[in-house]
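Coordinates from input-v8.cif are shown below (mmCIF, C-alpha atoms).
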```cif
data_run
#
loop_
_atom_site.label_atom_id
_atom_site.label_comp_id
_atom_site.auth_asym_id
_atom_site.auth_seq_id
_atom_site.Cartn_x
_atom_site.Cartn_y
_atom_site.Cartn_z
CA MET A 203 0.00 0.00 0.00
CA ILE A 204 1.25 3.48 -0.93
CA GLN A 205 1.08 6.04 1.86
CA VAL A 206 1.52 9.75 1.14
CA VAL A 207 2.42 11.97 4.09
CA LYS A 208 3.82 15.42 4.77
CA VAL A 209 7.60 15.65 5.07
CA ASN A 210 8.69 16.24 8.67
CA GLU A 211 12.09 16.37 10.37
CA GLU A 212 12.25 12.60 10.61
CA LEU A 213 11.57 12.17 6.89
CA ALA A 214 13.65 15.10 5.60
CA GLU A 215 16.84 13.08 5.17
CA ARG A 216 15.01 10.32 3.30
CA TYR A 217 13.33 12.93 1.07
CA SER A 218 16.74 14.39 0.14
CA ALA A 219 18.28 10.94 -0.37
CA TYR A 220 15.50 10.08 -2.84
CA LEU A 221 16.19 13.26 -4.81
CA ALA A 222 19.88 12.41 -5.01
CA GLU A 223 19.00 9.26 -6.96
CA LYS A 224 16.48 10.83 -9.36
CA PRO A 225 17.91 12.12 -12.67
CA ASP A 226 14.98 14.54 -13.07
CA ALA A 227 15.46 16.21 -9.68
CA ARG A 228 16.20 19.93 -9.73
CA PHE A 229 17.06 22.60 -7.18
CA GLY A 230 13.39 23.54 -6.74
CA HIS A 231 12.68 20.10 -5.29
CA ASP A 232 15.28 20.54 -2.55
CA LEU A 233 14.23 21.35 0.99
CA GLU A 234 16.86 24.11 1.00
CA TRP A 235 14.83 25.95 -1.66
CA ALA A 236 11.74 25.67 0.54
CA GLN A 237 13.74 27.12 3.44
CA VAL A 238 14.88 30.03 1.27
CA LEU A 239 11.28 30.86 0.33
CA ARG A 240 10.22 30.61 3.97
CA ASP A 241 13.05 32.86 5.16
CA THR A 242 12.52 35.40 2.38
CA TYR A 243 8.78 35.59 1.81
CA GLY A 244 7.21 33.59 4.64
CA VAL A 245 5.97 30.87 2.28
CA VAL A 246 4.89 27.69 4.08
CA SER A 247 6.05 24.36 2.63
CA GLU A 248 3.96 21.20 2.92
CA HIS A 249 6.05 18.90 0.77
CA LEU A 250 4.80 15.33 0.37
CA ILE A 251 6.63 12.01 0.41
CA ALA A 252 5.21 8.68 -0.82
CA LEU A 253 6.13 5.48 1.02
CA GLU A 254 5.54 1.87 0.02
CA ASN A 255 6.67 -0.88 2.42
CA ASP A 256 8.72 1.82 4.15
CA GLN A 257 10.55 2.64 0.90
CA VAL A 258 10.43 6.14 -0.58
CA VAL A 259 8.80 5.87 -4.00
CA GLY A 260 7.89 9.49 -4.77
CA ILE A 261 7.88 13.11 -3.62
CA CYS A 262 6.01 16.30 -4.44
CA PRO A 263 7.00 19.87 -3.53
CA LEU A 264 3.99 21.79 -2.24
CA PHE A 265 3.83 25.42 -1.11
CA LEU A 266 0.92 27.01 0.73
CA CYS A 267 0.37 30.50 -0.70
CA LYS A 268 -1.77 33.24 0.83
CA PRO A 269 -1.84 36.19 -1.60
CA ILE A 270 -3.46 39.53 -0.80
CA THR A 271 -6.49 38.53 -2.88
CA GLY A 272 -7.70 35.27 -4.41
CA GLY A 273 -7.53 33.07 -1.32
CA ALA A 274 -5.11 30.45 -0.03
CA HIS A 275 -3.94 27.81 -2.48
CA TYR A 276 -1.15 25.31 -3.13
CA GLN A 277 1.54 25.42 -5.80
CA THR A 278 4.33 22.99 -6.54
CA SER A 279 6.62 25.86 -7.59
CA LEU A 280 6.58 29.63 -7.48
CA PHE A 281 9.56 30.89 -9.48
CA PRO A 282 11.80 31.01 -11.41
CA SER A 283 10.95 27.63 -12.96
CA ASN A 284 8.55 24.69 -12.79
CA PHE A 285 9.01 21.78 -10.38
CA GLY A 286 6.48 18.95 -10.27
CA PRO A 287 6.20 15.56 -8.56
CA LEU A 288 8.81 12.83 -8.95
CA TYR A 289 7.68 9.21 -8.74
CA ASP A 290 8.63 5.60 -9.44
CA SER A 291 5.40 4.41 -11.06
CA ASP A 292 2.01 5.50 -12.38
CA GLN A 293 0.43 4.19 -9.18
CA VAL A 294 2.67 6.40 -7.07
CA LEU A 295 1.78 9.46 -9.14
CA ASP A 296 -1.94 8.74 -8.72
CA ALA A 297 -1.47 8.31 -4.97
CA ILE A 298 0.34 11.66 -4.74
CA LEU A 299 -2.31 13.44 -6.81
CA LYS A 300 -5.10 11.89 -4.74
CA ALA A 301 -3.43 13.21 -1.58
CA VAL A 302 -3.04 16.68 -3.14
CA LYS A 303 -6.69 16.62 -4.21
CA GLU A 304 -7.81 15.81 -0.66
CA LYS A 305 -5.69 18.64 0.77
CA THR A 306 -7.08 21.04 -1.84
CA SER A 307 -10.69 20.58 -0.74
CA ASN A 308 -10.25 23.11 2.08
CA LEU A 309 -8.48 25.70 -0.11
CA GLN A 310 -9.22 27.58 -3.32
CA TYR A 311 -7.23 25.34 -5.66
CA THR A 312 -3.85 23.72 -6.34
CA GLU A 313 -1.53 24.36 -9.27
CA ILE A 314 0.93 21.72 -10.35
CA LEU A 315 3.50 23.37 -12.61
CA ALA A 316 5.26 20.41 -14.18
CA PRO A 317 8.35 20.78 -16.40
CA ILE A 318 6.90 18.09 -18.69
CA ALA A 319 3.40 16.69 -19.15
CA LEU A 320 2.23 14.17 -16.55
CA THR A 321 0.85 11.80 -19.17
CA GLU A 322 0.74 8.87 -16.74
CA ALA A 323 -1.77 10.58 -14.45
CA SER A 324 -5.43 9.58 -14.33
CA PRO A 325 -7.55 12.32 -15.95
CA GLU A 326 -9.85 12.42 -12.91
CA HIS A 327 -6.99 13.81 -10.82
CA LEU A 328 -5.97 16.53 -13.30
CA PRO A 329 -9.13 17.79 -14.98
CA PHE A 330 -7.66 21.07 -16.30
CA SER A 331 -4.32 21.78 -18.00
CA GLU A 332 -2.63 24.40 -20.16
CA ASN A 333 0.78 24.87 -21.72
CA LEU A 334 3.11 27.40 -20.12
CA ASP A 335 6.02 29.39 -21.53
CA TYR A 336 8.74 27.46 -23.34
CA THR A 337 11.78 26.14 -21.50
CA PHE A 338 15.12 25.86 -23.29
CA ARG A 339 17.66 23.19 -22.27
CA LEU A 340 21.10 22.48 -23.70
CA ALA A 341 22.62 18.99 -23.40
CA LEU A 342 26.21 19.23 -22.16
CA GLN A 343 27.26 15.62 -22.81
CA GLY A 344 29.99 15.10 -25.38
CA GLY A 345 32.38 17.89 -24.45
CA ALA A 346 32.86 21.57 -25.21
CA ASP A 347 33.71 21.12 -28.89
CA LYS A 348 30.51 19.20 -29.59
CA VAL A 349 28.40 21.76 -27.72
CA PHE A 350 30.13 24.65 -29.50
CA ASP A 351 29.42 23.04 -32.88
CA GLY A 352 25.70 23.26 -32.10
CA PHE A 353 25.75 27.05 -31.79
CA CYS A 354 24.54 29.18 -34.67
CA ARG A 355 27.10 30.78 -36.97
CA ASP A 356 26.86 34.25 -35.39
CA TYR A 357 27.46 32.94 -31.87
CA LYS A 358 30.50 30.98 -33.05
CA ARG A 359 31.87 34.08 -34.75
CA ILE A 360 31.41 36.18 -31.59
CA LEU A 361 32.92 33.61 -29.23
CA ARG A 362 35.97 32.94 -31.42
CA LYS A 363 37.13 36.48 -30.80
CA PRO A 364 39.60 36.57 -27.90
CA ILE A 365 38.58 38.63 -24.87
CA ASN A 366 40.76 41.67 -24.31
CA PRO A 367 41.52 41.45 -20.55
CA GLN A 368 42.24 45.17 -20.54
CA GLU A 369 38.60 45.80 -21.49
CA MET A 370 36.47 42.89 -20.31
CA GLU A 371 36.78 40.59 -17.30
CA LEU A 372 34.56 37.63 -16.33
CA ILE A 373 34.19 36.94 -12.59
CA VAL A 374 32.62 33.95 -10.81
CA ASP A 375 31.34 34.52 -7.26
CA VAL A 376 30.61 31.32 -5.29
CA ASP A 377 30.53 32.98 -1.85
CA GLY A 378 27.97 35.74 -2.37
CA LYS A 379 30.50 38.50 -1.82
CA LEU A 380 29.32 40.35 -4.93
CA ILE A 381 25.57 40.23 -4.25
CA ASN A 382 25.41 44.01 -3.91
CA GLU A 383 27.00 44.50 -7.32
CA PHE A 384 24.66 41.98 -8.92
CA TYR A 385 21.58 43.38 -7.19
CA LYS A 386 22.24 46.93 -8.34
CA LEU A 387 22.38 45.71 -11.93
CA TYR A 388 19.35 43.50 -11.38
CA VAL A 389 17.18 46.40 -10.25
CA ASP A 390 18.53 48.93 -12.74
CA VAL A 391 18.43 46.67 -15.81
CA TYR A 392 15.82 44.00 -15.03
CA ALA A 393 13.17 46.23 -13.46
CA HIS A 394 13.61 49.28 -15.63
CA LYS A 395 13.96 47.39 -18.90
CA HIS A 396 11.28 44.73 -18.40
CA GLY A 397 9.03 46.39 -15.81
CA PHE A 398 8.80 43.28 -13.63
CA ILE A 399 8.85 43.37 -9.86
CA PRO A 400 12.40 42.38 -8.86
CA HIS A 401 13.00 40.07 -5.93
CA THR A 402 14.43 41.41 -2.71
CA LYS A 403 18.15 41.23 -2.07
CA LYS A 404 17.30 38.94 0.83
CA LEU A 405 16.34 36.17 -1.62
CA PHE A 406 19.82 36.08 -3.12
CA LYS A 407 21.51 36.26 0.27
CA ASN A 408 19.40 33.36 1.52
CA LEU A 409 20.26 31.27 -1.54
CA PHE A 410 23.91 31.46 -0.56
CA ALA A 411 23.22 31.04 3.16
CA ARG A 412 20.98 27.98 2.86
CA ASN A 413 22.90 26.02 0.21
CA GLN A 414 26.30 24.38 0.17
CA LYS A 415 29.09 26.35 -1.48
CA GLY A 416 28.93 26.18 -5.27
CA ILE A 417 25.20 25.60 -5.64
CA ALA A 418 24.44 29.33 -5.92
CA ARG A 419 26.85 31.23 -8.17
CA ILE A 420 26.90 34.71 -9.68
CA TYR A 421 28.63 35.25 -13.01
CA LEU A 422 29.58 38.89 -13.50
CA VAL A 423 31.27 40.90 -16.22
CA LYS A 424 33.35 44.04 -15.82
CA ILE A 425 33.96 46.31 -18.80
CA ASN A 426 36.69 48.89 -18.36
CA GLY A 427 36.62 48.26 -14.61
CA GLU A 428 32.87 48.71 -14.16
CA PHE A 429 30.33 45.97 -13.47
CA THR A 430 27.94 45.92 -16.44
CA GLY A 431 26.24 42.54 -16.22
CA GLY A 432 25.48 39.57 -14.04
CA MET A 433 23.77 36.16 -14.14
CA PHE A 434 22.57 34.31 -11.04
CA THR A 435 22.79 30.54 -11.52
CA MET A 436 21.85 27.44 -9.52
CA TRP A 437 23.96 24.27 -9.70
CA ALA A 438 22.13 21.23 -8.37
CA HIS A 439 21.74 17.57 -9.23
CA ASN A 440 22.68 17.25 -12.92
CA GLU A 441 21.54 20.69 -14.11
CA VAL A 442 22.90 24.23 -14.26
CA TYR A 443 19.98 26.65 -14.11
CA TYR A 444 20.24 30.20 -15.48
CA ALA A 445 17.80 31.83 -13.07
CA TRP A 446 18.11 35.64 -13.12
CA SER A 447 20.17 37.97 -15.26
CA ALA A 448 20.80 41.65 -15.85
CA VAL A 449 23.29 42.62 -18.54
CA LYS A 450 23.65 46.03 -20.11
CA PRO A 451 23.67 45.79 -23.93
CA ASP A 452 27.04 46.04 -25.63
CA SER A 453 27.07 45.23 -29.34
CA ALA A 454 30.85 45.61 -29.55
CA ARG A 455 31.93 43.17 -26.79
CA HIS A 456 28.86 40.87 -26.47
CA PRO A 457 29.16 40.24 -22.69
CA THR A 458 25.94 38.17 -22.60
CA HIS A 459 27.37 35.63 -25.02
CA PHE A 460 30.67 35.32 -23.17
CA LEU A 461 28.95 34.96 -19.79
CA ILE A 462 26.70 32.19 -21.10
CA TRP A 463 29.63 30.43 -22.77
CA LYS A 464 31.62 30.62 -19.51
CA ILE A 465 28.70 29.03 -17.60
CA ILE A 466 28.38 26.29 -20.22
CA GLN A 467 32.12 25.56 -20.14
CA ASP A 468 32.14 25.33 -16.35
CA GLY A 469 29.11 23.03 -16.43
CA ILE A 470 30.83 20.70 -18.90
CA ALA A 471 34.07 20.71 -16.89
CA GLU A 472 32.19 19.77 -13.70
CA GLY A 473 30.22 16.95 -15.31
CA TYR A 474 26.74 18.47 -15.44
CA ASP A 475 24.35 17.05 -18.01
CA TRP A 476 22.16 20.08 -18.71
CA PHE A 477 22.29 23.84 -18.99
CA ASN A 478 18.77 25.16 -18.48
CA MET A 479 18.32 28.63 -20.00
CA GLY A 480 14.99 29.13 -18.28
CA GLU A 481 11.59 30.14 -19.52
CA SER A 482 10.59 32.37 -22.41
CA PRO A 483 7.10 33.61 -23.38
CA ARG A 484 5.66 31.79 -26.37
CA HIS A 485 5.00 35.03 -28.21
CA HIS A 486 8.48 36.49 -27.63
CA ASP A 487 10.04 35.54 -30.96
CA GLY A 488 13.27 37.44 -30.42
CA LEU A 489 14.06 35.86 -27.04
CA ASN A 490 13.01 32.41 -28.26
CA ARG A 491 15.31 32.70 -31.25
CA PHE A 492 18.20 33.89 -29.05
CA LYS A 493 17.88 30.85 -26.79
CA LYS A 494 17.24 28.36 -29.57
CA GLU A 495 20.38 29.38 -31.45
CA TRP A 496 22.54 28.03 -28.64
CA GLY A 497 21.54 24.57 -29.82
CA THR A 498 18.95 24.08 -27.12
CA GLU A 499 15.93 21.81 -27.18
CA VAL A 500 12.50 23.24 -26.44
CA VAL A 501 10.47 21.79 -23.58
CA GLU A 502 6.82 22.65 -22.95
CA PRO A 503 5.92 22.81 -19.24
CA VAL A 504 2.30 22.28 -18.24
CA ARG A 505 0.12 23.99 -15.66
CA TYR A 506 -2.40 21.62 -14.05
CA PHE A 507 -5.29 23.06 -12.06
CA ILE A 508 -6.88 20.98 -9.29
CA PRO A 509 -10.21 22.51 -8.18
CA GLY A 510 -10.97 23.26 -4.55
CA LYS A 511 -13.44 25.95 -3.63
CA ILE A 512 -12.76 27.45 -7.07
CA LEU A 513 -13.99 24.99 -9.68
CA SER A 514 -12.27 26.24 -12.82
CA PRO A 515 -8.85 27.75 -13.61
CA ASN A 516 -8.29 31.41 -12.88
CA THR A 517 -5.57 33.85 -13.82
CA ARG A 518 -2.85 33.87 -11.21
CA LEU A 519 -2.57 37.09 -9.23
CA TYR A 520 1.07 37.47 -10.20
CA ASP A 521 0.00 37.40 -13.86
CA ARG A 522 -2.66 40.07 -13.37
CA VAL A 523 -0.26 42.93 -12.70
CA SER A 524 0.77 43.89 -16.23
CA TRP A 525 -0.04 47.49 -15.32
CA THR A 526 3.02 47.47 -13.05
CA LYS A 527 5.31 47.52 -16.08
CA LYS A 528 4.34 51.10 -16.92
CA ILE A 529 4.96 52.18 -13.33
CA ILE A 530 8.13 50.28 -12.47
CA THR A 531 10.01 51.37 -15.58
CA ARG A 532 9.64 54.97 -14.38
CA LEU A 533 10.46 54.54 -10.68
CA PRO A 534 13.84 55.32 -9.08
CA ALA A 535 15.86 52.24 -8.12
CA GLY A 536 15.67 53.13 -4.42
CA ILE A 537 11.87 53.12 -4.44
CA ILE A 538 11.79 49.77 -6.21
CA THR A 539 14.25 48.20 -3.77
CA SER A 540 12.65 49.57 -0.59
CA PHE A 541 8.95 49.28 -1.38
CA ILE A 542 8.15 47.35 -4.58
CA SER A 543 10.44 44.31 -4.18
CA PRO A 544 9.15 43.34 -0.69
CA ALA A 545 5.60 43.45 -2.09
CA ILE A 546 6.14 40.19 -3.99
CA ARG A 547 5.03 38.23 -0.90
CA PHE A 548 1.49 39.58 -1.44
CA PHE A 549 1.30 38.22 -4.99
CA LEU A 550 2.55 34.65 -4.49
#
```

Give the structure from the file, written as structure tokens.
Amino acid sequence: MIQVVKVNEELAERYSAYLAEKPDARFGHDLEWAQVLRDTYGVVSEHLIALENDQVVGICPLFLCKPITGGAHYQTSLFPSNFGPLYDSDQVLDAILKAVKEKTSNLQYTEILAPIALTEASPEHLPFSENLDYTFRLALQGGADKVFDGFCRDYKRILRKPINPQEMELIVDVDGKLINEFYKLYVDVYAHKHGFIPHTKKLFKNLFARNQKGIARIYLVKINGEFTGGMFTMWAHNEVYYAWSAVKPDSARHPTHFLIWKIIQDGIAEGYDWFNMGESPRHHDGLNRFKKEWGTEVVEPVRYFIPGKILSPNTRLYDRVSWTKKIITRLPAGIITSFISPAIRFFL
């Protein structure tokens, strides 16, 4: 018989040991990620673990969200990517979904944001689904030369040019000492260019504090002695995840390309299987083309909606704030950092 229960202190080590053996595990499944979200935004985790004859046969991350409007609900992942259940058999998946469905009855709904479709699930457990933004992943097996050969002609041309160390310097921070430099760029470039609410600096500090050294890394570029770009990456299980970035455009030196190539090279050297370039809106042709021309494969994540008190899918609160783009792009960085960034907790 399969039993699905909430992860507690006694089961935490077994939960993590199960993840260590699953090739599809990612940093968002880890309990450390749940601790980061708790410490940063007060999000409650109610992760599940499936047991059969005292053996762990499946897990499911589950976060209890209480936004300012819309009512309490569960989600398997919040940002920056999609993390769904992991399981050993179709029966285990059904047992996990049945447990989630029972827990959902007292809340508004549950969203399962799976990186790939859960085709093994019984339709009765997942009555509603929709495709999310594309995800782009690059296979790192085969060595740097093979990966480089998969790049488009323009990227190869750019990367064959030697970096002038007098002009451009690439820096890797594995200790979090350069969080301030990254965060300034993140607010100035990310918020003002895209109009999205940037996360608080506390999130990035907690990612370093809660994880072992090397899991959170910041890749930065200096041009003529000034920091002009940064990429925050997560290194867990067999995947390097490109989570947040802010790089000032430079058509002469192409810092974005050299930062990405440096991350890819490090991933190959350390034996990682995948470089995940993150999500991209389906309608954003330019960004999709940029990511595809690195030789990536396109994956289509799926949003599953499990009804609770709300019987049909709704638009997530975080997706209903498109009006913020017009405001944030015009606000001073200090206002964004002090007042707008902490407001994310009310939209989760």

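Atom to atom, atom CA of A:Gly432 and atom CA of A:Pro534 stand 20.2 Å apart.
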
List the spatial neighbours of stretch 299-314 of chain A as a list in words - criterion: any atom at most 6 Å away, all atoms listed in the file, same-chain residues fewer than 2 positions off excluded. Ala274, His275, Tyr276, Gln277, Thr278, Asp296, Ala297, Ala316, Arg505, Tyr506, Phe507, Ile508, Pro509, Gly510, Lys511 and Ile512 of chain A

Which centre and edge lengths in Å to one decimal define the box along x, y and z that fits every listed atom of stretch 253-269 of chain A plus 8 Å per side, as AutoDock Vina command-line options?
```
--center_x 4.4 --center_y 17.7 --center_z -0.3 --size_x 28.4 --size_y 53.1 --size_z 24.9
```

Point out the residue among A:Met479, A:Phe410, A:Glu495, A:Leu550 with the least atom-to-atom distance to A:Phe338, counting all atoms listed in the file. A:Met479

Compare A:Glu502, A:Tyr289, A:Ser540, A:Lys494 by their minimum atom-to-atom distance to A:Pro225, counting all atoms listed in the file, and give me the closest one. A:Tyr289

Find the distance between atom CA of A:Ala448 and atom CA of A:Glu383 and write it in Å to one decimal. 10.9 Å

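For the choices A:Arg484, A:Ser543, A:Ile537, A:Leu372, the atom-to-atom distance to A:Leu461 is smallest for A:Leu372 when using only C-alpha atoms.
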
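One distance worth recording is that between atom CA of A:Ile261 and atom CA of A:Glu472, which is 27.1 Å.
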
Counting only C-alpha atoms, which residue out of A:Val389, A:Val504, A:Ala341, A:Leu409 sits closest to A:Phe477? A:Ala341

Find the spatial neighbours of A:Trp446, counting all atoms listed in the file, within a cut-off of 10 Å - ignore same-chain residues fewer than 4 positions away - and output them as number ranges by chain. A: 282, 388, 392, 400-401, 420, 432-436, 479-480

Which residue, A:Trp437, A:Ile381, A:Ala222, A:Asp335, has the smallest gap to A:Ile466 when you use all atoms listed in the file? A:Trp437

Suppose a student applies the PyMOL selection byres ((chain A and resi 439) around 9) to this structure; what residues should they get, written as a PyMOL selection string? chain A and resi 221-222+224-229+437-438+440-442+474

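When all atoms listed in the file are used to measure the gap to A:Pro364, the shortest distance among A:Phe460, A:Leu295, A:Gly431, A:Glu211 belongs to A:Phe460.
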
Who sits within 7 Å of A:Asp375, all atoms listed in the file, same chain under 2 positions skipped, as number ranges by chain: A: 373, 377-380, 419-421

Selection above as a file: C-alpha atoms, as a PDB file, in the frame of the given file:
```
ATOM      1  CA  ILE A 373      34.190  36.940 -12.590  1.00  0.00           C
ATOM      2  CA  ASP A 377      30.530  32.980  -1.850  1.00  0.00           C
ATOM      3  CA  GLY A 378      27.970  35.740  -2.370  1.00  0.00           C
ATOM      4  CA  LYS A 379      30.500  38.500  -1.820  1.00  0.00           C
ATOM      5  CA  LEU A 380      29.320  40.350  -4.930  1.00  0.00           C
ATOM      6  CA  ARG A 419      26.850  31.230  -8.170  1.00  0.00           C
ATOM      7  CA  ILE A 420      26.900  34.710  -9.680  1.00  0.00           C
ATOM      8  CA  TYR A 421      28.630  35.250 -13.010  1.00  0.00           C
TER       9      TYR A 421
END
```

Please expand the PyMOL selection byres ((chain A and resi 254) around 9) into the concrete residues it hits in this file, giving the result as a PyMOL selection string. chain A and resi 203-206+252-253+255-259+294

Given the point (16.1, 25.9, -21.1) in the file's coordinates, find the residues that have an atom at most 8 Å from it, counting all atoms listed in the file, and give them as a ChimeraX atom specification. /A:336-340,477-481,493,498-501

Could you write out as a PyMOL selection string the residues that the PyMOL selection byres ((chain A and resi 408) around 12) matches in the shown file? chain A and resi 234-243+377-378+381+401-407+409-414+418

Kindly reconstruct stretch 256-278 of chain A with N, CA and C atoms and present the result as a PDB file, keeping the file's coordinate frame.
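Okay, this is what ended up in out_35.pdb:
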```pdb
ATOM      1  N   ASP A 256       7.688   1.018   3.486  1.00  0.00           N
ATOM      2  CA  ASP A 256       8.720   1.820   4.150  1.00  0.00           C
ATOM      3  C   ASP A 256       9.811   2.307   3.195  1.00  0.00           C
ATOM      4  N   GLN A 257       9.613   2.119   1.894  1.00  0.00           N
ATOM      5  CA  GLN A 257      10.550   2.640   0.900  1.00  0.00           C
ATOM      6  C   GLN A 257       9.994   3.914   0.286  1.00  0.00           C
ATOM      7  N   VAL A 258      10.861   4.902   0.067  1.00  0.00           N
ATOM      8  CA  VAL A 258      10.430   6.140  -0.580  1.00  0.00           C
ATOM      9  C   VAL A 258      10.259   5.870  -2.070  1.00  0.00           C
ATOM     10  N   VAL A 259       9.079   6.148  -2.591  1.00  0.00           N
ATOM     11  CA  VAL A 259       8.800   5.870  -4.000  1.00  0.00           C
ATOM     12  C   VAL A 259       8.334   7.120  -4.759  1.00  0.00           C
ATOM     13  N   GLY A 260       8.296   8.266  -4.092  1.00  0.00           N
ATOM     14  CA  GLY A 260       7.890   9.490  -4.770  1.00  0.00           C
ATOM     15  C   GLY A 260       7.890  10.674  -3.821  1.00  0.00           C
ATOM     16  N   ILE A 261       7.956  11.868  -4.411  1.00  0.00           N
ATOM     17  CA  ILE A 261       7.880  13.110  -3.620  1.00  0.00           C
ATOM     18  C   ILE A 261       7.116  14.164  -4.428  1.00  0.00           C
ATOM     19  N   CYS A 262       6.664  15.196  -3.748  1.00  0.00           N
ATOM     20  CA  CYS A 262       6.010  16.300  -4.440  1.00  0.00           C
ATOM     21  C   CYS A 262       6.217  17.586  -3.639  1.00  0.00           C
ATOM     22  N   PRO A 263       6.906  18.582  -4.214  1.00  0.00           N
ATOM     23  CA  PRO A 263       7.000  19.870  -3.530  1.00  0.00           C
ATOM     24  C   PRO A 263       5.627  20.527  -3.489  1.00  0.00           C
ATOM     25  N   LEU A 264       5.303  21.182  -2.378  1.00  0.00           N
ATOM     26  CA  LEU A 264       3.990  21.790  -2.240  1.00  0.00           C
ATOM     27  C   LEU A 264       4.104  23.005  -1.322  1.00  0.00           C
ATOM     28  N   PHE A 265       3.742  24.168  -1.866  1.00  0.00           N
ATOM     29  CA  PHE A 265       3.830  25.420  -1.110  1.00  0.00           C
ATOM     30  C   PHE A 265       2.435  25.977  -0.862  1.00  0.00           C
ATOM     31  N   LEU A 266       2.185  26.381   0.373  1.00  0.00           N
ATOM     32  CA  LEU A 266       0.920  27.010   0.730  1.00  0.00           C
ATOM     33  C   LEU A 266       1.069  28.512   0.552  1.00  0.00           C
ATOM     34  N   CYS A 267       0.290  29.081  -0.368  1.00  0.00           N
ATOM     35  CA  CYS A 267       0.370  30.500  -0.700  1.00  0.00           C
ATOM     36  C   CYS A 267      -0.872  31.228  -0.208  1.00  0.00           C
ATOM     37  N   LYS A 268      -0.662  32.430   0.318  1.00  0.00           N
ATOM     38  CA  LYS A 268      -1.770  33.240   0.830  1.00  0.00           C
ATOM     39  C   LYS A 268      -1.636  34.663   0.292  1.00  0.00           C
ATOM     40  N   PRO A 269      -1.981  34.865  -0.997  1.00  0.00           N
ATOM     41  CA  PRO A 269      -1.840  36.190  -1.600  1.00  0.00           C
ATOM     42  C   PRO A 269      -2.832  37.199  -1.013  1.00  0.00           C
ATOM     43  N   ILE A 270      -2.633  38.458  -1.348  1.00  0.00           N
ATOM     44  CA  ILE A 270      -3.460  39.530  -0.800  1.00  0.00           C
ATOM     45  C   ILE A 270      -4.918  39.393  -1.235  1.00  0.00           C
ATOM     46  N   THR A 271      -5.144  38.847  -2.421  1.00  0.00           N
ATOM     47  CA  THR A 271      -6.490  38.530  -2.880  1.00  0.00           C
ATOM     48  C   THR A 271      -6.463  37.168  -3.560  1.00  0.00           C
ATOM     49  N   GLY A 272      -7.613  36.539  -3.685  1.00  0.00           N
ATOM     50  CA  GLY A 272      -7.700  35.270  -4.410  1.00  0.00           C
ATOM     51  C   GLY A 272      -7.762  34.051  -3.522  1.00  0.00           C
ATOM     52  N   GLY A 273      -7.404  34.193  -2.233  1.00  0.00           N
ATOM     53  CA  GLY A 273      -7.530  33.070  -1.320  1.00  0.00           C
ATOM     54  C   GLY A 273      -6.331  32.148  -1.293  1.00  0.00           C
ATOM     55  N   ALA A 274      -6.231  31.370  -0.208  1.00  0.00           N
ATOM     56  CA  ALA A 274      -5.110  30.450  -0.030  1.00  0.00           C
ATOM     57  C   ALA A 274      -5.176  29.305  -1.036  1.00  0.00           C
ATOM     58  N   HIS A 275      -4.020  28.895  -1.520  1.00  0.00           N
ATOM     59  CA  HIS A 275      -3.940  27.810  -2.480  1.00  0.00           C
ATOM     60  C   HIS A 275      -2.565  27.156  -2.402  1.00  0.00           C
ATOM     61  N   TYR A 276      -2.436  26.007  -3.050  1.00  0.00           N
ATOM     62  CA  TYR A 276      -1.150  25.310  -3.130  1.00  0.00           C
ATOM     63  C   TYR A 276      -0.542  25.489  -4.512  1.00  0.00           C
ATOM     64  N   GLN A 277       0.796  25.486  -4.546  1.00  0.00           N
ATOM     65  CA  GLN A 277       1.540  25.420  -5.800  1.00  0.00           C
ATOM     66  C   GLN A 277       2.761  24.534  -5.600  1.00  0.00           C
ATOM     67  N   THR A 278       3.129  23.808  -6.642  1.00  0.00           N
ATOM     68  CA  THR A 278       4.330  22.990  -6.540  1.00  0.00           C
ATOM     69  C   THR A 278       5.592  23.820  -6.758  1.00  0.00           C
TER      70      THR A 278
END
```
